[in-house]
file final.txt (compact mmCIF, N, CA and C atoms)
# COMPACT_ATOMS: atom_id res chain seq x y z
N MET A 1 -24.30 100.76 213.60
CA MET A 1 -23.20 100.13 214.30
C MET A 1 -23.02 100.81 215.65
N GLU A 2 -23.18 100.07 216.71
CA GLU A 2 -23.04 100.61 218.04
C GLU A 2 -21.58 100.62 218.46
N THR A 3 -21.23 101.67 219.18
CA THR A 3 -19.86 101.78 219.69
C THR A 3 -19.82 101.23 221.11
N ASP A 4 -19.02 100.24 221.33
CA ASP A 4 -18.86 99.64 222.65
C ASP A 4 -17.69 100.33 223.34
N GLU A 5 -17.97 101.04 224.42
CA GLU A 5 -16.94 101.79 225.12
C GLU A 5 -15.86 100.88 225.72
N THR A 6 -16.21 99.64 226.06
CA THR A 6 -15.21 98.75 226.63
C THR A 6 -14.26 98.23 225.56
N ALA A 7 -14.70 98.21 224.31
CA ALA A 7 -13.84 97.73 223.23
C ALA A 7 -12.84 98.80 222.82
N ARG A 8 -13.22 100.05 222.93
CA ARG A 8 -12.34 101.15 222.52
C ARG A 8 -12.25 102.18 223.65
N PRO A 9 -11.39 101.98 224.58
CA PRO A 9 -11.24 102.97 225.65
C PRO A 9 -10.75 104.31 225.08
N GLY A 10 -10.92 105.35 225.86
CA GLY A 10 -10.58 106.70 225.41
C GLY A 10 -9.15 106.86 224.96
N ARG A 11 -8.23 106.24 225.68
CA ARG A 11 -6.82 106.38 225.34
C ARG A 11 -6.51 105.78 223.96
N VAL A 12 -7.10 104.66 223.66
CA VAL A 12 -6.88 104.01 222.37
C VAL A 12 -7.46 104.85 221.24
N ARG A 13 -8.63 105.43 221.47
CA ARG A 13 -9.25 106.27 220.44
C ARG A 13 -8.41 107.50 220.15
N TRP A 14 -7.92 108.16 221.19
CA TRP A 14 -7.10 109.34 220.97
C TRP A 14 -5.74 108.98 220.37
N THR A 15 -5.23 107.80 220.69
CA THR A 15 -3.98 107.35 220.07
C THR A 15 -4.17 107.16 218.57
N ALA A 16 -5.32 106.64 218.18
CA ALA A 16 -5.61 106.50 216.75
C ALA A 16 -5.65 107.85 216.06
N VAL A 17 -6.22 108.83 216.71
CA VAL A 17 -6.27 110.18 216.14
C VAL A 17 -4.86 110.74 215.98
N VAL A 18 -4.05 110.62 217.02
CA VAL A 18 -2.69 111.16 216.97
C VAL A 18 -1.86 110.48 215.89
N LEU A 19 -1.92 109.15 215.81
CA LEU A 19 -1.14 108.44 214.81
C LEU A 19 -1.59 108.76 213.39
N ALA A 20 -2.89 108.82 213.17
CA ALA A 20 -3.40 109.16 211.83
C ALA A 20 -2.97 110.55 211.42
N ASP A 21 -3.01 111.49 212.35
CA ASP A 21 -2.63 112.86 211.99
C ASP A 21 -1.13 113.05 211.87
N LEU A 22 -0.36 112.30 212.61
CA LEU A 22 1.09 112.36 212.40
C LEU A 22 1.46 111.82 211.01
N LEU A 23 0.78 110.75 210.59
CA LEU A 23 1.05 110.21 209.25
C LEU A 23 0.60 111.16 208.15
N THR A 24 -0.58 111.75 208.30
CA THR A 24 -1.01 112.72 207.28
C THR A 24 -0.15 113.98 207.34
N GLY A 25 0.38 114.28 208.51
CA GLY A 25 1.31 115.40 208.62
C GLY A 25 2.59 115.15 207.85
N CYS A 26 3.05 113.89 207.84
CA CYS A 26 4.24 113.54 207.04
C CYS A 26 3.95 113.72 205.56
N LEU A 27 2.74 113.39 205.14
CA LEU A 27 2.38 113.60 203.74
C LEU A 27 2.25 115.08 203.41
N GLY A 28 1.94 115.90 204.40
CA GLY A 28 1.76 117.33 204.18
C GLY A 28 3.02 118.16 204.25
N VAL A 29 4.14 117.55 204.59
CA VAL A 29 5.40 118.30 204.69
C VAL A 29 5.76 119.00 203.38
N PRO A 30 5.72 118.33 202.23
CA PRO A 30 6.08 119.05 200.99
C PRO A 30 5.18 120.25 200.72
N ALA A 31 3.90 120.11 200.99
CA ALA A 31 2.98 121.23 200.76
C ALA A 31 3.30 122.41 201.68
N LEU A 32 3.51 122.14 202.96
CA LEU A 32 3.82 123.23 203.88
C LEU A 32 5.17 123.87 203.59
N VAL A 33 6.14 123.08 203.17
CA VAL A 33 7.44 123.64 202.80
C VAL A 33 7.30 124.54 201.58
N MET A 34 6.51 124.10 200.60
CA MET A 34 6.29 124.93 199.41
C MET A 34 5.58 126.24 199.78
N VAL A 35 4.62 126.18 200.70
CA VAL A 35 3.94 127.40 201.14
C VAL A 35 4.93 128.33 201.84
N LEU A 36 5.78 127.78 202.69
CA LEU A 36 6.78 128.61 203.38
C LEU A 36 7.76 129.25 202.39
N LEU A 37 8.19 128.50 201.39
CA LEU A 37 9.08 129.07 200.37
C LEU A 37 8.39 130.17 199.57
N PHE A 38 7.13 129.95 199.25
CA PHE A 38 6.37 130.97 198.52
C PHE A 38 6.24 132.24 199.34
N VAL A 39 5.86 132.10 200.61
CA VAL A 39 5.69 133.26 201.48
C VAL A 39 7.00 134.00 201.65
N ARG A 40 8.09 133.26 201.77
CA ARG A 40 9.41 133.90 201.93
C ARG A 40 9.84 134.63 200.66
N SER A 41 9.45 134.12 199.50
CA SER A 41 9.90 134.70 198.24
C SER A 41 9.05 135.86 197.75
N TYR A 42 7.78 135.91 198.14
CA TYR A 42 6.91 136.95 197.58
C TYR A 42 6.30 137.88 198.61
N PRO A 43 5.34 137.45 199.44
CA PRO A 43 4.71 138.42 200.34
C PRO A 43 5.68 139.10 201.31
N LEU A 44 6.61 138.34 201.87
CA LEU A 44 7.56 138.97 202.80
C LEU A 44 8.49 139.95 202.09
N VAL A 45 8.81 139.66 200.84
CA VAL A 45 9.65 140.58 200.06
C VAL A 45 8.86 141.85 199.73
N TRP A 46 7.57 141.69 199.43
CA TRP A 46 6.75 142.86 199.08
C TRP A 46 6.61 143.84 200.23
N ILE A 47 6.66 143.34 201.48
CA ILE A 47 6.56 144.27 202.61
C ILE A 47 7.94 144.64 203.16
N GLY A 48 8.99 144.23 202.46
CA GLY A 48 10.34 144.66 202.81
C GLY A 48 11.05 143.81 203.84
N LEU A 49 10.63 142.58 204.06
CA LEU A 49 11.25 141.72 205.06
C LEU A 49 12.14 140.64 204.45
N GLY A 50 12.68 140.89 203.30
CA GLY A 50 13.54 139.90 202.67
C GLY A 50 13.99 140.40 201.31
N SER A 51 14.70 139.54 200.59
CA SER A 51 15.13 139.89 199.24
C SER A 51 14.86 138.70 198.33
N ARG A 52 14.53 139.02 197.08
CA ARG A 52 14.23 137.96 196.13
C ARG A 52 15.49 137.36 195.57
N ASP A 53 15.35 136.12 195.15
CA ASP A 53 16.43 135.43 194.47
C ASP A 53 16.63 136.09 193.10
N PRO A 54 17.83 136.55 192.76
CA PRO A 54 18.02 137.23 191.48
C PRO A 54 17.79 136.31 190.28
N ASN A 55 17.83 135.02 190.47
CA ASN A 55 17.59 134.09 189.37
C ASN A 55 16.12 133.76 189.17
N ASP A 56 15.26 134.24 190.05
CA ASP A 56 13.83 133.97 189.95
C ASP A 56 13.18 135.01 189.05
N ASN A 57 12.99 134.67 187.80
CA ASN A 57 12.39 135.61 186.86
C ASN A 57 11.10 135.07 186.25
N ASP A 58 10.52 134.03 186.84
CA ASP A 58 9.32 133.43 186.30
C ASP A 58 8.05 134.10 186.80
N GLY A 59 8.13 134.81 187.90
CA GLY A 59 6.95 135.44 188.45
C GLY A 59 6.21 134.53 189.42
N ILE A 60 4.97 134.93 189.71
CA ILE A 60 4.22 134.26 190.75
C ILE A 60 3.35 133.12 190.21
N LEU A 61 3.03 133.12 188.92
CA LEU A 61 2.12 132.13 188.37
C LEU A 61 2.59 130.68 188.54
N PRO A 62 3.86 130.34 188.25
CA PRO A 62 4.27 128.95 188.48
C PRO A 62 4.10 128.50 189.93
N TRP A 63 4.34 129.40 190.86
CA TRP A 63 4.17 129.07 192.27
C TRP A 63 2.71 128.75 192.56
N ILE A 64 1.81 129.57 192.04
CA ILE A 64 0.38 129.35 192.29
C ILE A 64 -0.08 128.06 191.64
N LEU A 65 0.42 127.75 190.46
CA LEU A 65 0.02 126.54 189.75
C LEU A 65 0.52 125.27 190.44
N VAL A 66 1.60 125.37 191.19
CA VAL A 66 2.13 124.20 191.90
C VAL A 66 1.59 124.14 193.33
N VAL A 67 1.64 125.25 194.04
CA VAL A 67 1.27 125.26 195.45
C VAL A 67 -0.24 125.09 195.64
N GLY A 68 -1.03 125.68 194.80
CA GLY A 68 -2.49 125.60 194.93
C GLY A 68 -3.01 124.17 194.90
N PRO A 69 -2.77 123.43 193.80
CA PRO A 69 -3.26 122.04 193.77
C PRO A 69 -2.60 121.14 194.83
N LEU A 70 -1.33 121.36 195.12
CA LEU A 70 -0.66 120.55 196.13
C LEU A 70 -1.31 120.73 197.50
N CYS A 71 -1.61 121.97 197.85
CA CYS A 71 -2.28 122.22 199.13
C CYS A 71 -3.71 121.69 199.13
N ALA A 72 -4.41 121.83 198.00
CA ALA A 72 -5.78 121.33 197.92
C ALA A 72 -5.83 119.82 198.11
N VAL A 73 -4.92 119.10 197.47
CA VAL A 73 -4.89 117.64 197.62
C VAL A 73 -4.51 117.25 199.04
N THR A 74 -3.56 117.95 199.62
CA THR A 74 -3.13 117.65 200.99
C THR A 74 -4.27 117.87 201.99
N VAL A 75 -4.98 118.98 201.86
CA VAL A 75 -6.09 119.26 202.77
C VAL A 75 -7.22 118.25 202.56
N ALA A 76 -7.48 117.88 201.31
CA ALA A 76 -8.54 116.89 201.04
C ALA A 76 -8.19 115.53 201.66
N VAL A 77 -6.94 115.10 201.52
CA VAL A 77 -6.53 113.82 202.11
C VAL A 77 -6.62 113.90 203.63
N TRP A 78 -6.16 115.00 204.22
CA TRP A 78 -6.23 115.17 205.67
C TRP A 78 -7.67 115.11 206.15
N PHE A 79 -8.56 115.82 205.47
CA PHE A 79 -9.97 115.85 205.87
C PHE A 79 -10.61 114.47 205.76
N LEU A 80 -10.35 113.78 204.66
CA LEU A 80 -10.95 112.45 204.48
C LEU A 80 -10.43 111.44 205.49
N VAL A 81 -9.13 111.49 205.77
CA VAL A 81 -8.56 110.58 206.78
C VAL A 81 -9.17 110.87 208.15
N ASN A 82 -9.28 112.14 208.51
CA ASN A 82 -9.84 112.49 209.82
C ASN A 82 -11.33 112.19 209.90
N LEU A 83 -12.03 112.32 208.80
CA LEU A 83 -13.44 111.95 208.79
C LEU A 83 -13.61 110.45 209.03
N GLY A 84 -12.74 109.65 208.40
CA GLY A 84 -12.76 108.21 208.65
C GLY A 84 -12.40 107.86 210.08
N VAL A 85 -11.39 108.52 210.63
CA VAL A 85 -10.99 108.26 212.02
C VAL A 85 -12.11 108.68 212.97
N ALA A 86 -12.77 109.78 212.68
CA ALA A 86 -13.88 110.23 213.54
C ALA A 86 -15.01 109.21 213.54
N ARG A 87 -15.31 108.66 212.39
CA ARG A 87 -16.37 107.65 212.32
C ARG A 87 -15.97 106.36 213.03
N LEU A 88 -14.72 105.95 212.90
CA LEU A 88 -14.27 104.71 213.54
C LEU A 88 -14.17 104.83 215.06
N THR A 89 -13.72 105.98 215.53
CA THR A 89 -13.50 106.13 216.97
C THR A 89 -14.70 106.69 217.70
N GLY A 90 -15.60 107.34 216.99
CA GLY A 90 -16.76 107.95 217.64
C GLY A 90 -16.46 109.30 218.26
N LEU A 91 -15.29 109.85 218.02
CA LEU A 91 -14.93 111.16 218.57
C LEU A 91 -15.48 112.25 217.66
N ARG A 92 -15.89 113.34 218.25
CA ARG A 92 -16.47 114.45 217.50
C ARG A 92 -16.05 115.77 218.15
N GLY A 93 -16.39 116.84 217.48
CA GLY A 93 -16.27 118.16 218.08
C GLY A 93 -14.97 118.88 217.78
N ARG A 94 -14.90 120.07 218.33
CA ARG A 94 -13.74 120.95 218.09
C ARG A 94 -12.45 120.34 218.62
N ARG A 95 -12.54 119.69 219.75
CA ARG A 95 -11.33 119.12 220.35
C ARG A 95 -10.69 118.11 219.41
N PHE A 96 -11.50 117.29 218.76
CA PHE A 96 -11.00 116.29 217.82
C PHE A 96 -10.31 116.98 216.64
N TRP A 97 -10.97 117.97 216.04
CA TRP A 97 -10.41 118.60 214.84
C TRP A 97 -9.18 119.45 215.15
N TRP A 98 -9.18 120.15 216.28
CA TRP A 98 -8.00 120.94 216.64
C TRP A 98 -6.82 120.05 217.02
N THR A 99 -7.10 118.93 217.65
CA THR A 99 -6.03 117.97 217.95
C THR A 99 -5.44 117.44 216.67
N GLY A 100 -6.30 117.12 215.72
CA GLY A 100 -5.83 116.63 214.41
C GLY A 100 -4.98 117.66 213.69
N ALA A 101 -5.43 118.90 213.69
CA ALA A 101 -4.67 119.95 213.01
C ALA A 101 -3.32 120.18 213.68
N GLY A 102 -3.31 120.16 214.99
CA GLY A 102 -2.06 120.37 215.72
C GLY A 102 -1.04 119.27 215.48
N PHE A 103 -1.49 118.03 215.55
CA PHE A 103 -0.55 116.92 215.34
C PHE A 103 -0.15 116.78 213.88
N SER A 104 -0.95 117.29 212.96
CA SER A 104 -0.55 117.26 211.55
C SER A 104 0.59 118.24 211.26
N ALA A 105 0.71 119.26 212.06
CA ALA A 105 1.77 120.24 211.87
C ALA A 105 3.09 119.83 212.53
N VAL A 106 3.06 118.81 213.37
CA VAL A 106 4.26 118.40 214.11
C VAL A 106 5.40 117.96 213.19
N PRO A 107 5.19 117.13 212.15
CA PRO A 107 6.32 116.74 211.30
C PRO A 107 7.01 117.92 210.62
N THR A 108 6.23 118.89 210.17
CA THR A 108 6.84 120.06 209.53
C THR A 108 7.60 120.89 210.55
N ALA A 109 7.06 121.04 211.75
CA ALA A 109 7.75 121.80 212.79
C ALA A 109 9.06 121.12 213.19
N LEU A 110 9.04 119.80 213.32
CA LEU A 110 10.26 119.08 213.64
C LEU A 110 11.32 119.22 212.54
N LEU A 111 10.86 119.17 211.30
CA LEU A 111 11.79 119.35 210.18
C LEU A 111 12.37 120.77 210.18
N ALA A 112 11.56 121.75 210.48
CA ALA A 112 12.04 123.13 210.54
C ALA A 112 13.04 123.32 211.68
N LEU A 113 12.77 122.72 212.82
CA LEU A 113 13.70 122.81 213.95
C LEU A 113 15.01 122.09 213.65
N TYR A 114 14.92 120.94 212.99
CA TYR A 114 16.11 120.18 212.65
C TYR A 114 16.99 120.95 211.65
N SER A 115 16.36 121.61 210.69
CA SER A 115 17.15 122.35 209.70
C SER A 115 17.73 123.63 210.28
N ALA A 116 17.15 124.14 211.39
CA ALA A 116 17.67 125.34 212.02
C ALA A 116 18.89 125.05 212.87
N ILE A 117 19.10 123.79 213.23
CA ILE A 117 20.24 123.43 214.09
C ILE A 117 21.53 123.40 213.31
call {"tool": "encode", "arguments": {"input": "final.txt", "output": "structure tokens"}}
result
Amino acid sequence: METDETARPGRVRWTAVVLADLLTGCLGVPALVMVLLFVRSYPLVWIGLGSRDPNDNDGILPWILVVGPLCAVTVAVWFLVNLGVARLTGLRGRRFWWTGAGFSAVPTALLALYSAI
């Protein structure tokens, strides 16, 4: 399948990348929030930068059993969506993947900023 540059100008191709990654970023919000809660509850407490919830007596295993598969599924969906977008648009390289990763983090960052206000 040949890519016709006149059918898909550069701006349209990059818009497809941005929209796809913003949507996958919305799907990734629960995973990133769970990772942030885990980091706040365990590693930061272990180095003395916080305090644990006194009601948390389950340990680290439930967190790993929930956060691990959730993050694995989120990363797999993100990768497959971006692989499809790369094939459809003809974009390749580091710039494509870093743009995708950056725009996927935008929904979580906006949610974090909104909750800080």
call {"tool": "closest_residue", "arguments": {"input": "final.txt", "among": "A:Leu88, A:Met34, A:Phe96, A:Phe79", "to": "Val67 (chain A)", "atoms": "all atoms listed in the file"}}
result
A:Met34
call {"tool": "residues_around", "arguments": {"input": "final.txt", "residues": "region 107-114 of chain A", "least_positions_apart": "3", "cutoff": "8 Å", "atoms": "only C-alpha atoms", "output": "ChimeraX atom specification"}}
result
/A:22,25-26,28-29,32-33,103-104,117
call {"tool": "select_by_dssp", "arguments": {"input": "final.txt", "residues": "chain A", "states": "helix (DSSP H, G or I)", "output": "ChimeraX atom specification"}}
result
/A:10-41,43-46,61-89,94-116
call {"tool": "atom_distance", "arguments": {"input": "final.txt", "atom1": "atom N of Gly48 (chain A)", "atom2": "atom C of Ala72 (chain A)"}}
result
28.9 Å
call {"tool": "residues_near_point", "arguments": {"input": "final.txt", "point": "(0.8, 120.0, 198.5)", "cutoff": "6 Å", "atoms": "only C-alpha atoms", "output": "ChimeraX atom specification"}}
result
/A:30-31,70-71,74
call {"tool": "write_last_selection", "arguments": {"input": "final.txt", "atoms": "N, CA and C atoms", "output": "PDB file, in the coordinates of the input"}}
result
ATOM      1  N   PRO A  30       5.720 118.330 202.230  1.00  0.00           N
ATOM      2  CA  PRO A  30       6.080 119.050 200.990  1.00  0.00           C
ATOM      3  C   PRO A  30       5.180 120.250 200.720  1.00  0.00           C
ATOM      4  N   ALA A  31       3.900 120.110 200.990  1.00  0.00           N
ATOM      5  CA  ALA A  31       2.980 121.230 200.760  1.00  0.00           C
ATOM      6  C   ALA A  31       3.300 122.410 201.680  1.00  0.00           C
ATOM      7  N   LEU A  70      -1.330 121.360 195.120  1.00  0.00           N
ATOM      8  CA  LEU A  70      -0.660 120.550 196.130  1.00  0.00           C
ATOM      9  C   LEU A  70      -1.310 120.730 197.500  1.00  0.00           C
ATOM     10  N   CYS A  71      -1.610 121.970 197.850  1.00  0.00           N
ATOM     11  CA  CYS A  71      -2.280 122.220 199.130  1.00  0.00           C
ATOM     12  C   CYS A  71      -3.710 121.690 199.130  1.00  0.00           C
ATOM     13  N   THR A  74      -3.560 117.950 199.620  1.00  0.00           N
ATOM     14  CA  THR A  74      -3.130 117.650 200.990  1.00  0.00           C
ATOM     15  C   THR A  74      -4.270 117.870 201.990  1.00  0.00           C
TER      16      THR A  74
END
call {"tool": "atom_distance", "arguments": {"input": "final.txt", "atom1": "atom C of Arg94 (chain A)", "atom2": "CA of Arg11 (chain A)"}}
result
16.5 Å
call {"tool": "axis_aligned_box", "arguments": {"input": "final.txt", "around": "region 18-34 of chain A", "padding_each_side": "4 Å", "output": "JSON"}}
result
{"center_x": 1.7, "center_y": 117.3, "center_z": 208.2, "size_x": 19.5, "size_y": 25.8, "size_z": 25.6}
call {"tool": "closest_residue", "arguments": {"input": "final.txt", "among": "A:Leu23, A:Val75, A:Leu44, A:Val18", "to": "Thr99 (chain A)", "atoms": "all atoms listed in the file"}}
result
A:Val18
call {"tool": "atom_distance", "arguments": {"input": "final.txt", "atom1": "atom N of Ser41 (chain A)", "atom2": "atom N of Asp53 (chain A)"}}
result
7.6 Å
